[in-house]
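One file, start00.pdb, carrying PDB, C-alpha atoms:
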```
ATOM      1  CA  LEU A   1       9.225  36.657 -45.232
ATOM      2  CA  THR A   2       6.045  37.151 -43.230
ATOM      3  CA  ILE A   3       4.650  33.940 -41.806
ATOM      4  CA  LYS A   4       0.928  34.121 -41.202
ATOM      5  CA  CYS A   5      -0.016  30.478 -40.936
ATOM      6  CA  GLY A   6      -1.170  30.875 -37.309
ATOM      7  CA  GLU A   7      -4.347  28.892 -37.080
ATOM      8  CA  VAL A   8      -5.392  26.435 -39.735
ATOM      9  CA  THR A   9      -8.937  27.056 -40.839
ATOM     10  CA  SER A  10     -11.037  23.921 -40.514
ATOM     11  CA  HIS A  11     -13.122  22.653 -43.397
ATOM     12  CA  ASN A  12     -16.623  23.978 -43.885
ATOM     13  CA  ASP A  13     -19.015  21.425 -42.404
ATOM     14  CA  SER A  14     -21.588  22.300 -45.058
ATOM     15  CA  GLN A  15     -19.219  20.866 -47.655
ATOM     16  CA  ILE A  16     -18.945  17.446 -46.007
ATOM     17  CA  ASP A  17     -20.904  14.512 -47.335
ATOM     18  CA  PRO A  18     -22.504  12.914 -44.231
ATOM     19  CA  VAL A  19     -22.729   9.546 -45.997
ATOM     20  CA  THR A  20     -19.037   9.113 -46.719
ATOM     21  CA  VAL A  21     -17.286  11.439 -44.263
ATOM     22  CA  ASN A  22     -17.073  10.996 -40.514
ATOM     23  CA  ASP A  23     -16.736  13.991 -38.247
ATOM     24  CA  TRP A  24     -13.066  13.843 -37.190
ATOM     25  CA  LYS A  25     -13.935  15.377 -33.814
ATOM     26  CA  ASN A  26     -15.899  12.234 -32.951
ATOM     27  CA  GLU A  27     -13.185   9.849 -34.098
ATOM     28  CA  PRO A  28     -10.418   8.572 -31.828
ATOM     29  CA  VAL A  29      -7.356  10.633 -32.722
ATOM     30  CA  HIS A  30      -3.943   9.466 -31.550
ATOM     31  CA  LYS A  31      -2.452  11.480 -28.699
ATOM     32  CA  TRP A  32       0.558  12.161 -30.893
ATOM     33  CA  CYS A  33      -1.554  14.392 -33.137
ATOM     34  CA  PRO A  34      -1.444  18.093 -32.230
ATOM     35  CA  LYS A  35      -4.629  19.408 -30.670
ATOM     36  CA  GLN A  36      -5.140  22.012 -33.388
ATOM     37  CA  ASN A  37      -4.973  19.523 -36.253
ATOM     38  CA  SER A  38      -7.671  19.108 -38.893
ATOM     39  CA  CYS A  39      -8.722  15.587 -39.831
ATOM     40  CA  ASN A  40     -11.291  15.016 -42.555
ATOM     41  CA  SER A  41     -11.506  11.232 -42.696
ATOM     42  CA  THR A  42     -13.268   9.662 -45.666
ATOM     43  CA  ALA A  43     -13.355   6.257 -47.285
ATOM     44  CA  LEU A  44     -10.627   7.602 -49.587
ATOM     45  CA  CYS A  45      -8.203   8.754 -46.909
ATOM     46  CA  GLN A  46      -7.729   8.941 -43.151
ATOM     47  CA  PRO A  47      -5.083  11.675 -42.950
ATOM     48  CA  CYS A  48      -4.452  11.335 -39.202
ATOM     49  CA  LYS A  49      -3.809   7.592 -39.279
ATOM     50  CA  GLN A  50      -0.039   7.927 -39.812
ATOM     51  CA  ARG A  51       2.144   9.807 -37.330
ATOM     52  CA  PHE A  52       5.159  11.841 -38.427
ATOM     53  CA  LEU A  53       8.173  13.454 -36.776
ATOM     54  CA  ILE A  54       9.796  16.085 -39.002
ATOM     55  CA  ILE A  55      13.001  17.974 -38.237
ATOM     56  CA  ILE A  56      13.316  21.391 -39.893
ATOM     57  CA  ALA A  57      16.759  22.875 -39.398
ATOM     58  CA  THR A  58      19.441  25.181 -40.697
ATOM     59  CA  GLY A  59      22.546  23.724 -42.323
ATOM     60  CA  ARG A  60      25.374  22.705 -39.959
ATOM     61  CA  SER A  61      23.180  22.980 -36.873
ATOM     62  CA  GLY A  62      23.524  19.381 -35.716
ATOM     63  CA  SER A  63      20.466  18.119 -37.573
ATOM     64  CA  THR A  64      22.084  14.795 -38.530
ATOM     65  CA  THR A  65      22.996  14.091 -34.907
ATOM     66  CA  LEU A  66      19.475  15.080 -33.875
ATOM     67  CA  THR A  67      18.008  12.730 -36.499
ATOM     68  CA  HIS A  68      19.979   9.743 -35.236
ATOM     69  CA  MET A  69      19.168  10.461 -31.595
ATOM     70  CA  LEU A  70      15.419  10.817 -32.159
ATOM     71  CA  GLY A  71      15.540   7.754 -34.395
ATOM     72  CA  SER A  72      16.676   5.753 -31.365
ATOM     73  CA  LEU A  73      13.331   6.252 -29.603
ATOM     74  CA  PRO A  74      10.992   3.229 -29.574
ATOM     75  CA  GLY A  75       8.650   3.096 -32.552
ATOM     76  CA  VAL A  76      10.427   5.890 -34.456
ATOM     77  CA  ARG A  77      11.921   5.364 -37.925
ATOM     78  CA  MET A  78      13.916   8.381 -39.064
ATOM     79  CA  ALA A  79      15.583   9.194 -42.375
ATOM     80  CA  GLY A  80      17.878  11.987 -43.466
ATOM     81  CA  GLU A  81      17.641  14.543 -46.247
ATOM     82  CA  ASN A  82      15.364  13.940 -49.241
ATOM     83  CA  ASP A  83      16.186  17.006 -51.362
ATOM     84  CA  ASN A  84      13.132  18.896 -50.120
ATOM     85  CA  ALA A  85      10.581  16.255 -51.106
ATOM     86  CA  LEU A  86       7.909  18.209 -49.221
ATOM     87  CA  ARG A  87       8.198  21.098 -51.613
ATOM     88  CA  ARG A  88       8.031  18.833 -54.681
ATOM     89  CA  ILE A  89       4.885  17.157 -53.344
ATOM     90  CA  PHE A  90       3.378  20.562 -52.650
ATOM     91  CA  MET A  91       4.079  21.709 -56.197
ATOM     92  CA  VAL A  92       2.204  18.711 -57.622
ATOM     93  CA  SER A  93      -0.738  19.156 -55.246
ATOM     94  CA  ASN A  94      -0.921  22.928 -55.597
ATOM     95  CA  SER A  95      -0.758  22.802 -59.377
ATOM     96  CA  ARG A  96      -3.950  20.708 -59.397
ATOM     97  CA  GLN A  97      -5.770  23.197 -57.209
ATOM     98  CA  LYS A  98      -4.537  26.211 -59.187
ATOM     99  CA  THR A  99      -5.436  24.690 -62.565
ATOM    100  CA  THR A 100      -8.687  26.323 -63.615
ATOM    101  CA  GLY A 101      -9.839  23.383 -65.716
ATOM    102  CA  PHE A 102      -9.326  20.750 -63.045
ATOM    103  CA  TRP A 103     -11.515  22.098 -60.225
ATOM    104  CA  PHE A 104     -11.423  20.132 -56.989
ATOM    105  CA  LYS A 105     -14.933  21.218 -56.020
ATOM    106  CA  LYS A 106     -17.092  22.133 -58.993
ATOM    107  CA  GLY A 107     -20.715  23.105 -58.704
ATOM    108  CA  ALA A 108     -23.133  25.715 -57.453
ATOM    109  CA  LYS A 109     -21.479  27.894 -54.810
ATOM    110  CA  GLY A 110     -18.586  25.466 -54.581
ATOM    111  CA  SER A 111     -20.728  22.468 -53.695
ATOM    112  CA  ILE A 112     -18.741  19.210 -53.690
ATOM    113  CA  TYR A 113     -21.807  17.230 -54.732
ATOM    114  CA  SER A 114     -21.420  18.112 -58.410
ATOM    115  CA  LYS A 115     -18.834  16.261 -60.462
ATOM    116  CA  GLN A 116     -16.599  17.993 -62.976
ATOM    117  CA  ASN A 117     -17.778  17.277 -66.496
ATOM    118  CA  GLY A 118     -16.263  17.753 -69.943
ATOM    119  CA  PRO A 119     -12.631  17.119 -70.918
ATOM    120  CA  TRP A 120     -11.500  17.543 -67.277
ATOM    121  CA  GLN A 121     -14.208  15.294 -65.846
ATOM    122  CA  HIS A 122     -13.724  13.614 -62.479
ATOM    123  CA  ASN A 123     -15.667  13.183 -59.273
ATOM    124  CA  PRO A 124     -15.154  15.844 -56.584
ATOM    125  CA  VAL A 125     -12.009  15.545 -54.486
ATOM    126  CA  PRO A 126     -12.724  15.986 -50.746
ATOM    127  CA  PHE A 127     -10.764  18.209 -48.415
ATOM    128  CA  GLN A 128      -7.495  16.395 -47.515
ATOM    129  CA  GLY A 129      -8.350  13.805 -50.160
ATOM    130  CA  LEU A 130      -4.755  13.859 -51.439
ATOM    131  CA  ALA A 131      -3.147  13.707 -47.992
ATOM    132  CA  CYS A 132      -2.731   9.923 -47.924
ATOM    133  CA  ALA A 133      -1.101   9.832 -51.356
ATOM    134  CA  GLU A 134       1.227  12.626 -50.236
ATOM    135  CA  GLN A 135       2.048  10.765 -47.031
ATOM    136  CA  HIS A 136       2.536   7.443 -48.855
ATOM    137  CA  PHE A 137       5.273   8.995 -50.978
ATOM    138  CA  ILE A 138       7.165   9.978 -47.838
ATOM    139  CA  GLU A 139       6.535   6.543 -46.353
ATOM    140  CA  ALA A 140       7.884   4.906 -49.519
ATOM    141  CA  ILE A 141      11.223   6.709 -49.206
ATOM    142  CA  ILE A 142      11.519   5.805 -45.500
ATOM    143  CA  PRO A 143      11.229   2.006 -45.788
ATOM    144  CA  PRO A 144      12.111  -0.421 -42.993
ATOM    145  CA  ALA A 145      15.409  -2.293 -43.110
ATOM    146  CA  LEU A 146      15.721  -5.250 -45.453
ATOM    147  CA  ALA A 147      15.332  -8.633 -43.806
ATOM    148  CA  ALA A 148      17.855 -11.438 -44.276
ATOM    149  CA  ASP A 149      15.837 -12.843 -47.164
ATOM    150  CA  GLY A 150      16.077  -9.539 -49.009
ATOM    151  CA  ASP A 151      12.451  -8.542 -48.369
ATOM    152  CA  TYR A 152      10.914  -5.878 -46.154
ATOM    153  CA  ARG A 153       9.365  -6.651 -42.782
ATOM    154  CA  TYR A 154       7.190  -4.234 -40.845
ATOM    155  CA  SER A 155       7.624  -5.106 -37.178
ATOM    156  CA  GLN A 156       5.385  -2.366 -35.868
ATOM    157  CA  PRO A 157       4.691  -1.718 -32.190
ATOM    158  CA  ALA A 158       1.099  -1.948 -31.042
ATOM    159  CA  ASP A 159       0.318   1.693 -31.864
ATOM    160  CA  GLY A 160       2.243   1.818 -35.140
ATOM    161  CA  HIS A 161       5.433   3.480 -36.294
ATOM    162  CA  ILE A 162       6.268   7.152 -36.196
ATOM    163  CA  LEU A 163       7.915   8.072 -39.488
ATOM    164  CA  GLY A 164      10.289  10.976 -39.770
ATOM    165  CA  PHE A 165      13.021  12.758 -41.646
ATOM    166  CA  LYS A 166      15.060  15.924 -41.527
ATOM    167  CA  THR A 167      15.345  18.788 -43.974
ATOM    168  CA  ILE A 168      17.636  21.821 -44.066
ATOM    169  CA  ARG A 169      15.899  22.958 -47.251
ATOM    170  CA  PHE A 170      12.463  23.946 -45.948
ATOM    171  CA  LEU A 171      13.430  27.603 -46.391
ATOM    172  CA  TYR A 172      16.789  27.050 -48.025
ATOM    173  CA  GLU A 173      15.593  27.365 -51.609
ATOM    174  CA  LEU A 174      13.696  30.597 -51.103
ATOM    175  CA  GLY A 175      15.240  32.949 -53.640
ATOM    176  CA  GLY A 176      16.797  30.096 -55.610
ATOM    177  CA  PRO A 177      15.979  29.078 -59.197
ATOM    178  CA  ASN A 178      13.129  26.788 -58.096
ATOM    179  CA  ALA A 179      12.056  28.757 -55.046
ATOM    180  CA  ILE A 180       8.561  29.153 -53.697
ATOM    181  CA  PRO A 181       7.727  32.856 -54.045
ATOM    182  CA  GLU A 182       7.503  34.446 -50.611
ATOM    183  CA  GLU A 183       3.920  35.532 -51.223
ATOM    184  CA  ASP A 184       3.003  31.852 -51.735
ATOM    185  CA  PHE A 185       4.713  30.613 -48.590
ATOM    186  CA  ASN A 186       1.591  30.944 -46.465
ATOM    187  CA  THR A 187      -0.164  28.667 -48.967
ATOM    188  CA  TYR A 188       2.707  26.215 -48.603
ATOM    189  CA  LEU A 189       2.399  26.159 -44.810
ATOM    190  CA  LYS A 190      -1.360  25.617 -44.921
ATOM    191  CA  TRP A 191      -0.836  22.740 -47.315
ATOM    192  CA  PHE A 192       1.873  21.313 -45.049
ATOM    193  CA  VAL A 193      -0.245  21.122 -41.891
ATOM    194  CA  ASN A 194      -3.238  19.724 -43.791
ATOM    195  CA  ALA A 195      -1.194  17.114 -45.679
ATOM    196  CA  PHE A 196       0.538  15.990 -42.463
ATOM    197  CA  PRO A 197      -1.998  16.806 -39.725
ATOM    198  CA  CYS A 198      -0.587  14.235 -37.286
ATOM    199  CA  ALA A 199       2.990  15.509 -37.470
ATOM    200  CA  ARG A 200       5.149  16.922 -34.730
ATOM    201  CA  ILE A 201       7.774  19.363 -35.964
ATOM    202  CA  VAL A 202      11.156  19.859 -34.307
ATOM    203  CA  ILE A 203      12.737  23.134 -35.441
ATOM    204  CA  ASN A 204      16.472  23.249 -34.802
ATOM    205  CA  ILE A 205      18.585  26.407 -35.034
ATOM    206  CA  ARG A 206      22.115  27.295 -33.909
ATOM    207  CA  SER A 207      22.372  30.600 -32.077
ATOM    208  CA  ASP A 208      26.163  30.665 -32.429
ATOM    209  CA  THR A 209      25.854  31.876 -36.007
ATOM    210  CA  LYS A 210      29.532  32.814 -36.254
ATOM    211  CA  ALA A 211      30.654  29.222 -35.684
ATOM    212  CA  GLN A 212      27.858  27.941 -37.905
ATOM    213  CA  ALA A 213      28.840  30.291 -40.732
ATOM    214  CA  GLN A 214      32.434  29.083 -40.568
ATOM    215  CA  SER A 215      31.213  25.476 -40.569
ATOM    216  CA  GLN A 216      29.052  26.128 -43.628
ATOM    217  CA  LYS A 217      31.979  27.757 -45.415
ATOM    218  CA  ASN A 218      34.215  24.766 -44.652
ATOM    219  CA  THR A 219      31.536  22.284 -45.706
ATOM    220  CA  PHE A 220      29.227  23.744 -48.341
ATOM    221  CA  PHE A 221      31.472  26.382 -49.889
ATOM    222  CA  ARG A 222      34.941  24.813 -49.818
ATOM    223  CA  ALA A 223      35.331  25.371 -53.551
ATOM    224  CA  ARG A 224      34.382  29.052 -53.250
ATOM    225  CA  ASN A 225      37.319  30.585 -51.388
ATOM    226  CA  LYS A 226      36.178  34.161 -51.886
ATOM    227  CA  ILE A 227      32.826  33.773 -50.166
ATOM    228  CA  ASP A 228      32.523  35.980 -47.094
ATOM    229  CA  VAL A 229      31.847  34.235 -43.768
ATOM    230  CA  ASP A 230      30.049  37.344 -42.510
ATOM    231  CA  GLU A 231      27.708  37.153 -45.503
ATOM    232  CA  ILE A 232      26.892  33.543 -44.645
ATOM    233  CA  GLY A 233      26.270  34.585 -41.050
ATOM    234  CA  VAL A 234      23.764  37.251 -42.086
ATOM    235  CA  ASP A 235      21.864  34.657 -44.112
ATOM    236  CA  ILE A 236      21.832  32.246 -41.149
ATOM    237  CA  GLU A 237      20.526  34.955 -38.806
ATOM    238  CA  ASP A 238      17.748  35.672 -41.301
ATOM    239  CA  GLN A 239      16.843  31.968 -41.440
ATOM    240  CA  ASN A 240      16.880  31.756 -37.633
ATOM    241  CA  GLN A 241      14.388  34.609 -37.374
ATOM    242  CA  LYS A 242      12.092  32.905 -39.848
ATOM    243  CA  TYR A 243      12.318  29.575 -38.052
ATOM    244  CA  VAL A 244      11.591  31.147 -34.659
ATOM    245  CA  GLY A 245       8.526  32.761 -36.257
ATOM    246  CA  LEU A 246       7.556  29.448 -37.840
ATOM    247  CA  ALA A 247       7.742  27.675 -34.468
ATOM    248  CA  GLU A 248       5.546  30.334 -32.856
ATOM    249  CA  HIS A 249       2.918  30.112 -35.580
ATOM    250  CA  LEU A 250       2.826  26.326 -35.673
ATOM    251  CA  GLY A 251       1.888  26.380 -31.993
ATOM    252  CA  ASP A 252       1.707  22.983 -30.299
ATOM    253  CA  ARG A 253       2.792  21.309 -33.525
ATOM    254  CA  ALA A 254       6.358  22.571 -33.111
ATOM    255  CA  TYR A 255       9.226  22.456 -30.623
ATOM    256  CA  LEU A 256      12.144  24.882 -30.964
ATOM    257  CA  LEU A 257      15.675  23.679 -30.183
ATOM    258  CA  ASP A 258      19.007  25.514 -30.105
ATOM    259  CA  SER A 259      21.938  23.220 -30.874
ATOM    260  CA  SER A 260      24.362  25.725 -29.359
ATOM    261  CA  LYS A 261      22.770  24.705 -26.045
ATOM    262  CA  TRP A 262      21.965  21.008 -26.405
ATOM    263  CA  THR A 263      25.377  20.108 -27.829
ATOM    264  CA  LYS A 264      26.899  21.471 -24.609
ATOM    265  CA  ASN A 265      24.275  20.085 -22.237
ATOM    266  CA  VAL A 266      22.391  16.956 -23.257
ATOM    267  CA  THR A 267      19.785  17.518 -20.530
ATOM    268  CA  LYS A 268      18.370  20.245 -22.795
ATOM    269  CA  PHE A 269      16.752  17.306 -24.609
ATOM    270  CA  HIS A 270      14.587  16.433 -21.601
ATOM    271  CA  GLY A 271      11.925  18.979 -22.489
ATOM    272  CA  LEU A 272      11.771  17.656 -26.061
ATOM    273  CA  ILE A 273      11.333  14.069 -24.835
ATOM    274  CA  ASP A 274       8.502  15.221 -22.549
ATOM    275  CA  TRP A 275       6.854  17.134 -25.407
ATOM    276  CA  LEU A 276       7.051  14.086 -27.667
ATOM    277  CA  GLY A 277       5.237  12.060 -25.000
ATOM    278  CA  TYR A 278       7.997   9.624 -24.086
ATOM    279  CA  SER A 279       8.760   8.455 -20.549
ATOM    280  CA  GLU A 280      11.616   9.777 -18.409
ATOM    281  CA  GLU A 281      13.546   6.565 -19.077
ATOM    282  CA  CYS A 282      14.019   7.910 -22.608
ATOM    283  CA  TYR A 283      16.094  10.883 -21.458
ATOM    284  CA  PHE A 284      19.498  10.978 -23.145
ATOM    285  CA  ASN A 285      22.536  10.838 -20.867
ATOM    286  CA  HIS A 286      25.133  11.374 -23.565
ATOM    287  CA  LEU A 287      25.365  12.885 -27.003
ATOM    288  CA  LEU A 288      25.850  11.095 -30.285
ATOM    289  CA  GLU A 289      27.864  12.966 -32.872
ATOM    290  CA  TYR A 290      27.425  12.774 -36.640
ATOM    291  CA  ASN A 291      28.918  14.981 -39.365
ATOM    292  CA  ALA A 292      30.878  16.846 -36.711
ATOM    293  CA  HIS A 293      33.571  18.009 -39.124
ATOM    294  CA  HIS A 294      31.949  18.074 -42.548
ATOM    295  CA  THR A 295      29.303  16.159 -44.462
ATOM    296  CA  TYR A 296      30.242  12.479 -44.851
ATOM    297  CA  GLY A 297      33.334  13.150 -42.749
ATOM    298  CA  ALA A 298      34.733  11.247 -39.795
ATOM    299  CA  ASN A 299      32.549  11.222 -36.687
ATOM    300  CA  LYS A 300      33.182  10.900 -32.995
ATOM    301  CA  ASN A 301      30.948   8.734 -30.837
ATOM    302  CA  LYS A 302      29.078   7.420 -33.878
ATOM    303  CA  ALA A 303      26.783   4.705 -32.584
ATOM    304  CA  ILE A 304      23.196   3.626 -32.115
ATOM    305  CA  TYR A 305      21.870   4.992 -28.871
ATOM    306  CA  LYS A 306      20.598   2.287 -26.511
ATOM    307  CA  HIS A 307      17.845   3.374 -24.163
ATOM    308  CA  ASP A 308      16.753   1.844 -20.885
ATOM    309  CA  LYS A 309      14.366  -1.073 -21.420
ATOM    310  CA  LYS A 310      11.681   0.914 -19.591
ATOM    311  CA  CYS A 311      11.835   3.670 -22.211
ATOM    312  CA  ASN A 312       8.437   3.866 -23.913
ATOM    313  CA  TYR A 313       5.924   6.145 -25.549
ATOM    314  CA  ALA A 314       3.789   7.248 -22.587
ATOM    315  CA  GLY A 315       1.450   9.504 -24.563
ATOM    316  CA  GLU A 316       1.541  12.310 -22.005
ATOM    317  CA  HIS A 317       2.608  15.320 -24.042
ATOM    318  CA  LYS A 318       3.874  18.190 -21.940
ATOM    319  CA  PRO A 319       3.895  21.743 -23.366
ATOM    320  CA  GLN A 320       7.198  23.304 -24.357
TER     321      GLN A 320
END
```

Hey, can you dump this file as structure tokens for me?
Amino acid sequence: LTIKCGEVTSHNDSQIDPVTVNDWKNEPVHKWCPKQNSCNSTALCQPCKQRFLIIIATGRSGSTTLTHMLGSLPGVRMAGENDNALRRIFMVSNSRQKTTGFWFKKGAKGSIYSKQNGPWQHNPVPFQGLACAEQHFIEAIIPPALAADGDYRYSQPADGHILGFKTIRFLYELGGPNAIPEEDFNTYLKWFVNAFPCARIVINIRSDTKAQAQSQKNTFFRARNKIDVDEIGVDIEDQNQKYVGLAEHLGDRAYLLDSSKWTKNVTKFHGLIDWLGYSEECYFNHLLEYNAHHTYGANKNKAIYKHDKKCNYAGEHKPQ
């Protein structure tokens, strides 16, 4: 897999309706948003309004522990796996853009000022016009806790919640029955950063692939006794290479972690906390532990992490 997402090409200013679209460069953008993001705010959608924290990881790399620990930070609401919801959303969005009859931007030389007529008629869809609908789906499956009366209550901090989740399936299904063809993966990445422009991505790998392979065999492949641990290890090493490349190409959007290091030394989290923009009072002094033995298995030190009362989102994002 060759990842070429590098820089995200900004929208063509000549295609922006000055009556309905504000120049995102002149709008206040939250400090959480990566510097290289692209925000095309319209009356239909303000794609940078909601902040996200997404964990992309390999299986049995400590991603569940990482999810719970980051979910303890003030203003952060984290969820676990969602069966690769990102990919399903992409498939819906991409199918509209690839359908010849639909046409997002129909008109002379691609002008967005002309509506699509005929049996597929609709008004032109602006760049990032679907981003809010795509984000709302994720928000809907990460609801707040139910209140005592059985209803939902949004007790948001002054600057709003940061919504997040983890996925070990971002690359996992490549080559599977419903996989994204490798030649389309660059399209997927471009969609991803445009649909979630105000997202910070934590990429978590496990450099001790031998131990990880054995853990995957014991957890994911318990019913398949003949599967070779070395074969699993080769696959993990391949995924690690792709994720390291993904982190490099996502630039300041991404932070690369190695669980073989942070599970042995919790201070390895300090750099991540700085990069996220939280104060030093948010540094972890001990490790939580979830799914240590196998999925849904018994856990040691399973608890909600309690930070110092001075722990807060400072907004000063330090580079990795």

| All residues 7 Å or closer to region 192-203 of chain A, all atoms listed in the file, same chain fewer than 4 positions away omitted, as a VMD selection string | chain A and resid 32 to 34 37 to 39 47 to 48 50 to 57 128 131 134 188 243 247 253 to 257

| field | Gap from CA of Lys318 (chain A) to CA of Trp275 (chain A) - Å, one decimal | value | 4.7 Å

| Counting only C-alpha atoms, which of A:Arg77, A:Lys49, A:His122, A:Asp308 gets nearest to His30 (chain A)? | A:Lys49

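Across the model, the gap from CA of Leu171 (chain A) to CA of Ile236 (chain A) is 10.9 Å.
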
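Every protein, DNA or RNA residue with an atom at most 12 Å from Lys309 (chain A), where only C-alpha atoms count and chain neighbours fewer than 6 positions away do not, is listed here: Leu73, Pro74, Ser279, Glu280, Glu281 and Cys282 of chain A.
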
What would the file look like if the residues just selected were written as a compact mmCIF listing (two decimals), in the coordinates of the input with C-alpha atoms?
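File written: part.txt
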```txt
# COMPACT_ATOMS: atom_id res chain seq x y z
CA LEU A 73 13.33 6.25 -29.60
CA PRO A 74 10.99 3.23 -29.57
CA SER A 279 8.76 8.46 -20.55
CA GLU A 280 11.62 9.78 -18.41
CA GLU A 281 13.55 6.56 -19.08
CA CYS A 282 14.02 7.91 -22.61
```

Set the distance at 9 Å and use only C-alpha atoms: which residues neighbour region 82-91 of chain A once local chain neighbours fewer than 2 positions away are removed? I'd like the list as a tab-separated table (two decimals) with C-alpha atoms, in the coordinates of the input.
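Contents of out.tsv, as written:
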```tsv
chain	number	residue	atom	x	y	z
A	79	ALA	CA	15.58	9.19	-42.38
A	80	GLY	CA	17.88	11.99	-43.47
A	93	SER	CA	-0.74	19.16	-55.25
A	94	ASN	CA	-0.92	22.93	-55.60
A	95	SER	CA	-0.76	22.80	-59.38
A	96	ARG	CA	-3.95	20.71	-59.40
A	134	GLU	CA	1.23	12.63	-50.24
A	137	PHE	CA	5.27	8.99	-50.98
A	138	ILE	CA	7.16	9.98	-47.84
A	141	ILE	CA	11.22	6.71	-49.21
A	165	PHE	CA	13.02	12.76	-41.65
A	166	LYS	CA	15.06	15.92	-41.53
A	167	THR	CA	15.34	18.79	-43.97
A	168	ILE	CA	17.64	21.82	-44.07
A	169	ARG	CA	15.90	22.96	-47.25
A	170	PHE	CA	12.46	23.95	-45.95
A	173	GLU	CA	15.59	27.36	-51.61
A	180	ILE	CA	8.56	29.15	-53.70
A	188	TYR	CA	2.71	26.22	-48.60
A	191	TRP	CA	-0.84	22.74	-47.32
A	192	PHE	CA	1.87	21.31	-45.05
```

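Interatomic distance, CA of Gln212 (chain A) to CA of Gln241 (chain A): 15.0 Å.
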
| Residue among A:Lys242, A:Leu288, A:His136, A:Ser63 lying closest to Glu182 (chain A), counting all atoms listed in the file |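 Closest candidate: A:Lys242.
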
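Between Lys264 (chain A) and the residues A:Ala211, A:Lys226, A:Asp238, A:His286, the shortest atom-to-atom distance, using all atoms listed in the file, involves A:His286.
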
Enclose region 81-100 of chain A, meaning all of its atoms listed in the file, in a box aligned along x, y and z, pad it by 3 Å on each side, and list the centre and edge lengths in Å to one decimal, as JSON.
```
{"center_x": 4.5, "center_y": 20.1, "center_z": -54.9, "size_x": 32.3, "size_y": 18.4, "size_z": 23.4}
```

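Residue nearest Gln216 (chain A), chosen from A:Met69, A:Leu272, A:Met78, A:Ile232 and counting all atoms listed in the file: A:Ile232.
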
| message | Let me make sure I understand: among A:Gly271, A:Thr64, A:His307, A:Tyr283, which one has the smallest atom-to-atom distance to Gln320 (chain A) if we use all atoms listed in the file? | response | A:Gly271

| message | I need the residue nearest Leu163 (chain A) from this list: A:Val266, A:Ile205, A:Leu246, A:Pro144. Use only C-alpha atoms for the distance. | response |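 Distance minimum relative to Leu163 (chain A) lands on A:Pro144.
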
Need a file for region 243-284 of chain A from that block: C-alpha atoms, written as a short mmCIF file (atom, residue, chain, number, x, y, z; two decimals), in the first residue's frame.
```
data_model
loop_
_atom_site.label_atom_id
_atom_site.label_comp_id
_atom_site.auth_asym_id
_atom_site.auth_seq_id
_atom_site.Cartn_x
_atom_site.Cartn_y
_atom_site.Cartn_z
CA TYR A 243 0.57 3.11 10.06
CA VAL A 244 4.00 4.73 10.46
CA GLY A 245 3.63 5.98 6.88
CA LEU A 246 0.10 7.17 7.61
CA ALA A 247 1.30 9.15 10.64
CA GLU A 248 4.04 10.80 8.58
CA HIS A 249 1.65 11.80 5.81
CA LEU A 250 -1.05 13.11 8.13
CA GLY A 251 1.51 15.54 9.53
CA ASP A 252 0.35 17.61 12.51
CA ARG A 253 -2.99 15.80 12.46
CA ALA A 254 -1.42 12.63 13.86
CA TYR A 255 0.60 11.44 16.85
CA LEU A 256 2.36 8.07 16.74
CA LEU A 257 2.48 5.92 19.88
CA ASP A 258 4.18 2.59 20.60
CA SER A 259 2.38 0.60 23.29
CA SER A 260 5.46 -1.55 23.84
CA LYS A 261 6.94 1.62 25.37
CA TRP A 262 4.04 3.36 27.09
CA THR A 263 2.78 0.20 28.81
CA LYS A 264 6.19 -0.04 30.49
CA ASN A 265 6.63 3.67 31.18
CA VAL A 266 3.53 5.81 31.59
CA THR A 267 5.57 9.01 31.24
CA LYS A 268 5.68 8.22 27.50
CA PHE A 269 2.17 9.72 27.52
CA HIS A 270 3.47 13.17 28.47
CA GLY A 271 4.30 14.10 24.89
CA LEU A 272 0.82 13.04 23.75
CA ILE A 273 -0.84 15.17 26.46
CA ASP A 274 1.27 18.16 25.36
CA TRP A 275 0.37 17.57 21.70
CA LEU A 276 -3.33 17.40 22.56
CA GLY A 277 -3.03 20.79 24.26
CA TYR A 278 -3.75 19.76 27.84
CA SER A 279 -1.95 21.13 30.89
CA GLU A 280 0.81 19.31 32.77
CA GLU A 281 -1.67 18.50 35.54
CA CYS A 282 -3.20 16.05 33.07
CA TYR A 283 -0.09 13.86 32.93
CA PHE A 284 -0.85 10.25 33.87
#
```
